[in-house]
Amino acid sequence: MWTIFGAVHLVFLLLAGLLSLRGEAFSDTFIYRIWASVDFNEELVTGPSPWVYPILALIPMAIAYIFGSGPFLFIWVLMIAALNTLAVGKLTRWGKKREAIPAALWWTTFTALMAWLGFARVDGLTAPVVLIALSLGVASPFLTSVILSVATWTKVWPAAVVLALFTVVRQRVQVVLAGVLVTALVVGMALSMNALPKLLNFLLEQGDRGMQLEATFTTPWLWMSVLGLGGARMYMNQDINSMQVDGPGSEVMSVLMQPLLIAAALLVAGLVFWALHTGKRNGGADRTALLLFGSLALVTAFVVFNKVGSPQFMVWLAPAVAVGLSYQWKAWRVPATMLIGVAILTFLVYPLFYDALSHNNAVMAAVLTLRNLLLVVLFVWSVRQLFLMGRNPSLIPRHDVVKNDAVSSSASASTDAVSTSDALTKEP
């Protein structure tokens with residue numbers, strides 16, 4: 001496991017080192033490096049503002065720039081490699097949890113297939129952090145919420161996992177308290193940087209965006225552009241460095257996507273809550289399984305119902321699946337297989353043939369459509385799992401079986417001890 005993991009990360013470290021020696025970066029790290037070089041002053045940059053990200057995302061950018069622009073990419077990839085190491089270590093208890101080793105190998109395979117999308121974007125920093133948090137799970141709700149809150153203030157998507165955690169655990173006050181404490185620290189950091197008015201800019205920056213080329217709901221306009229129907233067209237939004245698609249009704253859909261995303265997230269959270277309490281009445285709810293299936297459903301909703309469909313978003317889907325595989329391989333092999341397919345198709349779209357896609361290539365439009373269809377199927381599958389956990393929990397293998405076995409063994413040992421004690425006291 002560690003040999004394969006090390007080989008994959010060594011390849012990206014070597015590539016990053018070679019590019020850094022030439023003074024280069026890769027993909028979005030070019031933009032991150034520019035932002036860090038001007039101390040994140042948006043008035044000194046053209047194109048996207050650094051405040052399109054939550055404020056904690058600026059910290060790793062600043063760290064990567066500590067020795068200047070030359071080694072920026074290498075330090076950036078090194079940070080992600082270190083976080084991935086911690087994530088796999090936590091997932092497998094540093095190799096002691098042998099049943100989790102296949103899950104770690106799956107995570108490493110997915111990471112390799114996503115390539116620079118996991119190593120040259122902020123998303124690559126947050127994915128292993130979320131994996132660590134989910135590995136802690138319902139057993140440590142306060143610490144789990146702290147880690148997830150830090151990740152959310154780095155890139156918004158872990159908020160979906162926070163919502164799943166809040167819905168599933170008994171100690172909901174701890175989840176909220178952890179989030180409030182982290183947010184208070186973030187506000188203090190913004191005040192120290194004289195950046196408090198910009199603190200929520202990452203939410204406001206998305207409001208005026210159109211339908212991004214790769215987004216799931218953009219698929220009809222993608223094909224209208226490819227087939228030359230209705231005046232639909234692809235174009236580059238220079239302000240945010242994003243390919244978008246415009247056509248009849250696309251502006252209306254762009255406005256509707258934000259409330260649609262919120263509604264989808266709330267409906268899934270409601271389903272998780274229903275599954276928890278209905279599952280109790282139908283034989284017992286497995287909170288760990290609900291957290292993982294709920295996280296996958298909510299994060300997939302964040303991808304499917306999002307007008308921004310950046311290819312690195314696929315990285316968000318892996319942590320819940322990896323942790324799920326470490327508990328119950330059989331219960332999670334379907335989404336694990338689908339995500340390998342998603343990773344391969346995404347790699348074909350970006351970086352291999354993105355230029356062809358953006359010039360109305362029908363073959364690449366079909367590849368992207370298949371990828372988006374897989375995402376919809378993944379969302380439906382995860383929602384179905386939640387429904388099954390409410391109706392009949394016994395249909396889903398328990399994820400807390402080790403814990404239950406330990407409790408049962410302890411109870412059995414205690415019963416045996418009491419029986420022995422009773423027998424001794426009855427001896428003449």
# chains A, B, ... in the order shown; residues from 1 in each chain; ligands from 1
call {"tool": "residues_around", "arguments": {"residues": "A:Thr126", "least_positions_apart": "3", "cutoff": "6 Å", "atoms": "only C-alpha atoms", "output": "list in words"}}
result
Asp123, Val129 and Ala151 of chain A
call {"tool": "write_last_selection", "arguments": {"atoms": "all heavy atoms", "output": "CSV table (one decimal), in the first residue's frame"}}
result
chain,number,residue,atom,x,y,z
A,123,ASP,N,-9.0,22.3,-4.0
A,123,ASP,CA,-9.8,21.1,-3.7
A,123,ASP,C,-8.9,19.9,-3.3
A,123,ASP,O,-9.3,19.1,-2.4
A,123,ASP,CB,-10.6,20.7,-4.9
A,123,ASP,CG,-11.3,21.9,-5.5
A,123,ASP,OD1,-10.7,22.7,-6.2
A,123,ASP,OD2,-12.6,22.0,-5.3
A,129,VAL,N,-8.4,16.3,4.0
A,129,VAL,CA,-8.9,16.8,5.3
A,129,VAL,C,-10.3,16.3,5.7
A,129,VAL,O,-10.5,15.9,6.8
A,129,VAL,CB,-8.9,18.4,5.4
A,129,VAL,CG1,-9.5,18.9,6.6
A,129,VAL,CG2,-7.4,18.9,5.2
A,151,ALA,N,-12.0,23.1,6.9
A,151,ALA,CA,-12.1,22.8,5.5
A,151,ALA,C,-13.1,23.7,4.8
A,151,ALA,O,-12.9,24.1,3.6
A,151,ALA,CB,-12.4,21.3,5.3
call {"tool": "residues_around", "arguments": {"residues": "stretch 236-247 of chain A", "least_positions_apart": "3", "cutoff": "10 Å", "atoms": "only C-alpha atoms", "output": "PDB file with N, CA, C and O atoms, in the first residue's frame"}}
result
ATOM      1  N   ASP A  28      -4.182  26.025 -12.013  1.00  0.00           N
ATOM      2  CA  ASP A  28      -4.594  27.132 -11.148  1.00  0.00           C
ATOM      3  C   ASP A  28      -3.483  27.641 -10.240  1.00  0.00           C
ATOM      4  O   ASP A  28      -3.612  28.728  -9.672  1.00  0.00           O
ATOM      5  N   THR A  46      -5.247  41.066 -12.551  1.00  0.00           N
ATOM      6  CA  THR A  46      -6.301  41.037 -13.564  1.00  0.00           C
ATOM      7  C   THR A  46      -6.903  39.639 -13.561  1.00  0.00           C
ATOM      8  O   THR A  46      -6.232  38.664 -13.242  1.00  0.00           O
ATOM      9  N   GLY A  47      -8.166  39.539 -13.919  1.00  0.00           N
ATOM     10  CA  GLY A  47      -8.812  38.227 -13.878  1.00  0.00           C
ATOM     11  C   GLY A  47      -9.440  37.963 -12.529  1.00  0.00           C
ATOM     12  O   GLY A  47      -9.844  38.887 -11.810  1.00  0.00           O
ATOM     13  N   PRO A  48      -9.520  36.695 -12.131  1.00  0.00           N
ATOM     14  CA  PRO A  48     -10.220  36.334 -10.886  1.00  0.00           C
ATOM     15  C   PRO A  48      -9.594  36.982  -9.662  1.00  0.00           C
ATOM     16  O   PRO A  48      -8.372  37.113  -9.552  1.00  0.00           O
ATOM     17  N   SER A  49     -10.451  37.385  -8.720  1.00  0.00           N
ATOM     18  CA  SER A  49      -9.985  37.939  -7.447  1.00  0.00           C
ATOM     19  C   SER A  49      -9.613  36.797  -6.503  1.00  0.00           C
ATOM     20  O   SER A  49     -10.237  35.736  -6.515  1.00  0.00           O
ATOM     21  N   VAL A  52     -12.347  35.022  -4.366  1.00  0.00           N
ATOM     22  CA  VAL A  52     -13.308  34.054  -4.867  1.00  0.00           C
ATOM     23  C   VAL A  52     -13.269  32.795  -4.001  1.00  0.00           C
ATOM     24  O   VAL A  52     -14.188  31.973  -4.036  1.00  0.00           O
ATOM     25  N   GLU A 205     -19.285  36.276  -5.215  1.00  0.00           N
ATOM     26  CA  GLU A 205     -18.616  36.182  -6.516  1.00  0.00           C
ATOM     27  C   GLU A 205     -19.320  35.211  -7.447  1.00  0.00           C
ATOM     28  O   GLU A 205     -19.201  35.293  -8.655  1.00  0.00           O
ATOM     29  N   GLN A 206     -20.050  34.224  -6.889  1.00  0.00           N
ATOM     30  CA  GLN A 206     -20.661  33.188  -7.719  1.00  0.00           C
ATOM     31  C   GLN A 206     -22.012  33.613  -8.284  1.00  0.00           C
ATOM     32  O   GLN A 206     -22.508  32.984  -9.214  1.00  0.00           O
ATOM     33  N   ARG A 209     -22.422  34.427 -12.123  1.00  0.00           N
ATOM     34  CA  ARG A 209     -21.863  33.484 -13.088  1.00  0.00           C
ATOM     35  C   ARG A 209     -22.958  32.868 -13.942  1.00  0.00           C
ATOM     36  O   ARG A 209     -24.090  32.659 -13.494  1.00  0.00           O
ATOM     37  N   GLY A 210     -22.594  32.559 -15.185  1.00  0.00           N
ATOM     38  CA  GLY A 210     -23.509  31.849 -16.061  1.00  0.00           C
ATOM     39  C   GLY A 210     -23.346  30.343 -15.896  1.00  0.00           C
ATOM     40  O   GLY A 210     -22.731  29.866 -14.938  1.00  0.00           O
ATOM     41  N   MET A 211     -23.904  29.596 -16.837  1.00  0.00           N
ATOM     42  CA  MET A 211     -23.834  28.142 -16.789  1.00  0.00           C
ATOM     43  C   MET A 211     -22.479  27.678 -17.319  1.00  0.00           C
ATOM     44  O   MET A 211     -22.170  27.868 -18.500  1.00  0.00           O
ATOM     45  N   GLN A 212     -21.670  27.084 -16.447  1.00  0.00           N
ATOM     46  CA  GLN A 212     -20.342  26.632 -16.857  1.00  0.00           C
ATOM     47  C   GLN A 212     -20.450  25.426 -17.780  1.00  0.00           C
ATOM     48  O   GLN A 212     -21.355  24.598 -17.640  1.00  0.00           O
ATOM     49  N   LEU A 213     -19.516  25.338 -18.697  1.00  0.00           N
ATOM     50  CA  LEU A 213     -19.543  24.323 -19.744  1.00  0.00           C
ATOM     51  C   LEU A 213     -19.737  22.906 -19.215  1.00  0.00           C
ATOM     52  O   LEU A 213     -20.534  22.131 -19.747  1.00  0.00           O
ATOM     53  N   GLU A 214     -19.007  22.556 -18.119  1.00  0.00           N
ATOM     54  CA  GLU A 214     -19.017  21.167 -17.653  1.00  0.00           C
ATOM     55  C   GLU A 214     -20.139  20.846 -16.677  1.00  0.00           C
ATOM     56  O   GLU A 214     -20.276  19.693 -16.249  1.00  0.00           O
ATOM     57  N   ALA A 215     -20.915  21.834 -16.248  1.00  0.00           N
ATOM     58  CA  ALA A 215     -21.953  21.606 -15.251  1.00  0.00           C
ATOM     59  C   ALA A 215     -23.013  20.633 -15.771  1.00  0.00           C
ATOM     60  O   ALA A 215     -23.337  20.607 -16.956  1.00  0.00           O
ATOM     61  N   THR A 218     -25.961  22.051 -17.576  1.00  0.00           N
ATOM     62  CA  THR A 218     -25.619  22.745 -18.822  1.00  0.00           C
ATOM     63  C   THR A 218     -25.726  21.818 -20.026  1.00  0.00           C
ATOM     64  O   THR A 218     -25.709  22.281 -21.167  1.00  0.00           O
ATOM     65  N   THR A 219     -25.869  20.517 -19.798  1.00  0.00           N
ATOM     66  CA  THR A 219     -25.822  19.531 -20.880  1.00  0.00           C
ATOM     67  C   THR A 219     -26.749  19.858 -22.059  1.00  0.00           C
ATOM     68  O   THR A 219     -26.322  19.755 -23.219  1.00  0.00           O
ATOM     69  N   PRO A 220     -28.010  20.272 -21.846  1.00  0.00           N
ATOM     70  CA  PRO A 220     -28.846  20.608 -23.014  1.00  0.00           C
ATOM     71  C   PRO A 220     -28.267  21.738 -23.858  1.00  0.00           C
ATOM     72  O   PRO A 220     -28.296  21.661 -25.100  1.00  0.00           O
ATOM     73  N   TRP A 221     -27.718  22.779 -23.226  1.00  0.00           N
ATOM     74  CA  TRP A 221     -27.147  23.901 -23.965  1.00  0.00           C
ATOM     75  C   TRP A 221     -25.810  23.513 -24.604  1.00  0.00           C
ATOM     76  O   TRP A 221     -25.456  24.048 -25.648  1.00  0.00           O
ATOM     77  N   LEU A 222     -25.098  22.582 -23.970  1.00  0.00           N
ATOM     78  CA  LEU A 222     -23.873  22.052 -24.571  1.00  0.00           C
ATOM     79  C   LEU A 222     -24.191  21.458 -25.945  1.00  0.00           C
ATOM     80  O   LEU A 222     -23.523  21.766 -26.947  1.00  0.00           O
ATOM     81  N   MET A 224     -26.900  21.975 -27.738  1.00  0.00           N
ATOM     82  CA  MET A 224     -27.418  23.018 -28.643  1.00  0.00           C
ATOM     83  C   MET A 224     -26.274  23.750 -29.313  1.00  0.00           C
ATOM     84  O   MET A 224     -26.333  24.056 -30.513  1.00  0.00           O
ATOM     85  N   SER A 225     -25.202  23.990 -28.546  1.00  0.00           N
ATOM     86  CA  SER A 225     -24.035  24.657 -29.116  1.00  0.00           C
ATOM     87  C   SER A 225     -23.340  23.757 -30.128  1.00  0.00           C
ATOM     88  O   SER A 225     -22.956  24.199 -31.213  1.00  0.00           O
ATOM     89  N   LEU A 229     -27.849  24.941 -32.622  1.00  0.00           N
ATOM     90  CA  LEU A 229     -29.278  25.223 -32.480  1.00  0.00           C
ATOM     91  C   LEU A 229     -29.522  26.449 -31.604  1.00  0.00           C
ATOM     92  O   LEU A 229     -28.839  26.655 -30.601  1.00  0.00           O
ATOM     93  N   GLY A 230     -30.501  27.253 -31.948  1.00  0.00           N
ATOM     94  CA  GLY A 230     -30.979  28.349 -31.115  1.00  0.00           C
ATOM     95  C   GLY A 230     -29.959  29.423 -30.803  1.00  0.00           C
ATOM     96  O   GLY A 230     -30.135  30.191 -29.859  1.00  0.00           O
ATOM     97  N   GLY A 231     -28.891  29.485 -31.560  1.00  0.00           N
ATOM     98  CA  GLY A 231     -27.868  30.501 -31.307  1.00  0.00           C
ATOM     99  C   GLY A 231     -27.039  30.247 -30.069  1.00  0.00           C
ATOM    100  O   GLY A 231     -26.352  31.153 -29.584  1.00  0.00           O
ATOM    101  N   ALA A 232     -27.088  29.029 -29.526  1.00  0.00           N
ATOM    102  CA  ALA A 232     -26.290  28.700 -28.337  1.00  0.00           C
ATOM    103  C   ALA A 232     -24.804  28.753 -28.690  1.00  0.00           C
ATOM    104  O   ALA A 232     -24.407  28.414 -29.812  1.00  0.00           O
ATOM    105  N   ARG A 233     -23.988  29.191 -27.725  1.00  0.00           N
ATOM    106  CA  ARG A 233     -22.550  29.322 -27.981  1.00  0.00           C
ATOM    107  C   ARG A 233     -21.758  29.109 -26.706  1.00  0.00           C
ATOM    108  O   ARG A 233     -22.261  29.284 -25.594  1.00  0.00           O
ATOM    109  N   SER A 250     -30.827  29.914 -20.889  1.00  0.00           N
ATOM    110  CA  SER A 250     -29.674  29.644 -20.017  1.00  0.00           C
ATOM    111  C   SER A 250     -29.572  30.662 -18.880  1.00  0.00           C
ATOM    112  O   SER A 250     -29.162  30.314 -17.766  1.00  0.00           O
ATOM    113  N   GLU A 251     -29.957  31.911 -19.152  1.00  0.00           N
ATOM    114  CA  GLU A 251     -29.901  32.932 -18.103  1.00  0.00           C
ATOM    115  C   GLU A 251     -30.906  32.625 -16.991  1.00  0.00           C
ATOM    116  O   GLU A 251     -30.607  32.790 -15.806  1.00  0.00           O
ATOM    117  N   SER A 254     -29.573  29.789 -14.987  1.00  0.00           N
ATOM    118  CA  SER A 254     -28.471  30.249 -14.145  1.00  0.00           C
ATOM    119  C   SER A 254     -28.984  30.870 -12.853  1.00  0.00           C
ATOM    120  O   SER A 254     -28.428  30.638 -11.773  1.00  0.00           O
ATOM    121  N   LYS A 307     -24.304  25.281 -10.889  1.00  0.00           N
ATOM    122  CA  LYS A 307     -24.082  25.853 -12.216  1.00  0.00           C
ATOM    123  C   LYS A 307     -22.595  25.982 -12.525  1.00  0.00           C
ATOM    124  O   LYS A 307     -22.212  26.240 -13.671  1.00  0.00           O
ATOM    125  N   VAL A 308     -21.758  25.821 -11.492  1.00  0.00           N
ATOM    126  CA  VAL A 308     -20.310  25.768 -11.691  1.00  0.00           C
ATOM    127  C   VAL A 308     -19.925  24.296 -11.710  1.00  0.00           C
ATOM    128  O   VAL A 308     -20.132  23.581 -10.735  1.00  0.00           O
ATOM    129  N   GLY A 309     -19.380  23.826 -12.805  1.00  0.00           N
ATOM    130  CA  GLY A 309     -19.098  22.391 -12.936  1.00  0.00           C
ATOM    131  C   GLY A 309     -17.633  22.099 -13.140  1.00  0.00           C
ATOM    132  O   GLY A 309     -17.279  21.225 -13.941  1.00  0.00           O
ATOM    133  N   SER A 310     -16.770  22.816 -12.441  1.00  0.00           N
ATOM    134  CA  SER A 310     -15.329  22.650 -12.627  1.00  0.00           C
ATOM    135  C   SER A 310     -14.914  21.195 -12.446  1.00  0.00           C
ATOM    136  O   SER A 310     -15.424  20.506 -11.548  1.00  0.00           O
ATOM    137  N   SER A 358     -14.280  22.576 -26.011  1.00  0.00           N
ATOM    138  CA  SER A 358     -14.650  23.998 -26.051  1.00  0.00           C
ATOM    139  C   SER A 358     -14.826  24.520 -27.473  1.00  0.00           C
ATOM    140  O   SER A 358     -15.223  25.676 -27.658  1.00  0.00           O
TER     141      SER A 358
END
call {"tool": "residues_around", "arguments": {"residues": "A:Arg287", "least_positions_apart": "2", "cutoff": "12 Å", "atoms": "only C-alpha atoms", "output": "PyMOL selection string"}}
result
chain A and resi 137-139+141+164-170+272-273+275-277+279-280+284-285+289-295+386+389-390+393+398-401+403
call {"tool": "residues_around", "arguments": {"residues": "A:Pro335", "least_positions_apart": "5", "cutoff": "9 Å", "atoms": "only C-alpha atoms", "output": "short mmCIF file (atom, residue, chain, number, x, y, z; two decimals) with C-alpha atoms, in the first residue's frame"}}
result
data_model
loop_
_atom_site.label_atom_id
_atom_site.label_comp_id
_atom_site.auth_asym_id
_atom_site.auth_seq_id
_atom_site.Cartn_x
_atom_site.Cartn_y
_atom_site.Cartn_z
CA VAL A 321 -16.51 6.56 -0.59
CA ILE A 340 -13.36 5.42 -11.14
CA LEU A 378 -24.48 8.37 -8.25
CA TRP A 381 -27.96 5.67 -5.81
CA SER A 382 -26.91 7.51 -2.64
#
call {"tool": "select_by_dssp", "arguments": {"residues": "stretch 152-202 of chain A", "states": "alpha helix (DSSP H)", "output": "PyMOL selection string"}}
result
chain A and resi 152+159-168+172-192+201-202
call {"tool": "residues_around", "arguments": {"residues": "A:Ala133", "least_positions_apart": "5", "cutoff": "8 Å", "atoms": "only C-alpha atoms", "output": "ChimeraX atom specification"}}
result
/A:143-145,147-148
call {"tool": "write_last_selection", "arguments": {"atoms": "N, CA and C atoms", "output": "JSON list (two decimals), in the first residue's frame"}}
result
[["chain", "number", "residue", "atom", "x", "y", "z"],
["A", 143, "LEU", "N", -14.53, 17.36, 17.45],
["A", 143, "LEU", "CA", -13.30, 17.41, 16.67],
["A", 143, "LEU", "C", -13.59, 17.27, 15.18],
["A", 144, "THR", "N", -14.52, 16.38, 14.83],
["A", 144, "THR", "CA", -14.90, 16.22, 13.43],
["A", 144, "THR", "C", -15.43, 17.53, 12.87],
["A", 145, "SER", "N", -16.26, 18.22, 13.64],
["A", 145, "SER", "CA", -16.83, 19.49, 13.18],
["A", 145, "SER", "C", -15.76, 20.58, 13.07],
["A", 147, "ILE", "N", -12.58, 20.13, 12.30],
["A", 147, "ILE", "CA", -11.81, 19.86, 11.08],
["A", 147, "ILE", "C", -12.62, 20.22, 9.83],
["A", 148, "LEU", "N", -13.90, 19.85, 9.83],
["A", 148, "LEU", "CA", -14.76, 20.16, 8.69],
["A", 148, "LEU", "C", -14.99, 21.66, 8.54]]
call {"tool": "closest_residue", "arguments": {"among": "A:Gln385, A:Ser326, A:Thr278, A:Thr109", "to": "A:Leu134", "atoms": "only C-alpha atoms"}}
result
A:Ser326
call {"tool": "closest_residue", "arguments": {"among": "A:Val130, A:Ala366, A:Ala112, A:Val268", "to": "A:Trp223", "atoms": "only C-alpha atoms"}}
result
A:Ala366
call {"tool": "closest_residue", "arguments": {"among": "A:Val161, A:Leu19, A:Ile55, A:Leu345", "to": "A:Gly188", "atoms": "only C-alpha atoms"}}
result
A:Ile55
call {"tool": "closest_residue", "arguments": {"among": "A:Val8, A:Ala331, A:Asn306, A:Val182", "to": "A:Val255", "atoms": "only C-alpha atoms"}}
result
A:Asn306
call {"tool": "residues_around", "arguments": {"residues": "A:Ile101", "least_positions_apart": "4", "cutoff": "7 Å", "atoms": "only C-alpha atoms", "output": "ChimeraX atom specification"}}
result
/A:1,92,105
call {"tool": "write_last_selection", "arguments": {"atoms": "all heavy atoms", "output": "mmCIF file, in the first residue's frame"}}
result
data_model
loop_
_atom_site.group_PDB
_atom_site.id
_atom_site.type_symbol
_atom_site.label_atom_id
_atom_site.label_comp_id
_atom_site.auth_asym_id
_atom_site.auth_seq_id
_atom_site.Cartn_x
_atom_site.Cartn_y
_atom_site.Cartn_z
ATOM 1 N N MET A 1 0.832 -1.209 0.000
ATOM 2 C CA MET A 1 0.000 0.000 0.000
ATOM 3 C C MET A 1 0.862 1.253 0.000
ATOM 4 O O MET A 1 0.672 2.158 -0.818
ATOM 5 C CB MET A 1 -0.921 0.004 1.225
ATOM 6 C CG MET A 1 -1.793 1.249 1.343
ATOM 7 S SD MET A 1 -2.590 1.378 2.953
ATOM 8 C CE MET A 1 -1.216 1.895 3.981
ATOM 9 N N THR A 92 -6.247 3.882 7.631
ATOM 10 C CA THR A 92 -5.791 2.498 7.858
ATOM 11 C C THR A 92 -5.154 2.304 9.227
ATOM 12 O O THR A 92 -4.629 1.221 9.502
ATOM 13 C CB THR A 92 -4.755 2.103 6.793
ATOM 14 O OG1 THR A 92 -3.590 2.941 6.927
ATOM 15 C CG2 THR A 92 -5.317 2.239 5.386
ATOM 16 N N LEU A 105 -5.954 1.862 -1.205
ATOM 17 C CA LEU A 105 -5.496 1.653 -2.583
ATOM 18 C C LEU A 105 -6.479 2.259 -3.573
ATOM 19 O O LEU A 105 -6.079 2.818 -4.606
ATOM 20 C CB LEU A 105 -5.316 0.161 -2.853
ATOM 21 C CG LEU A 105 -4.140 -0.500 -2.122
ATOM 22 C CD1 LEU A 105 -4.186 -2.015 -2.280
ATOM 23 C CD2 LEU A 105 -2.808 0.045 -2.647
#
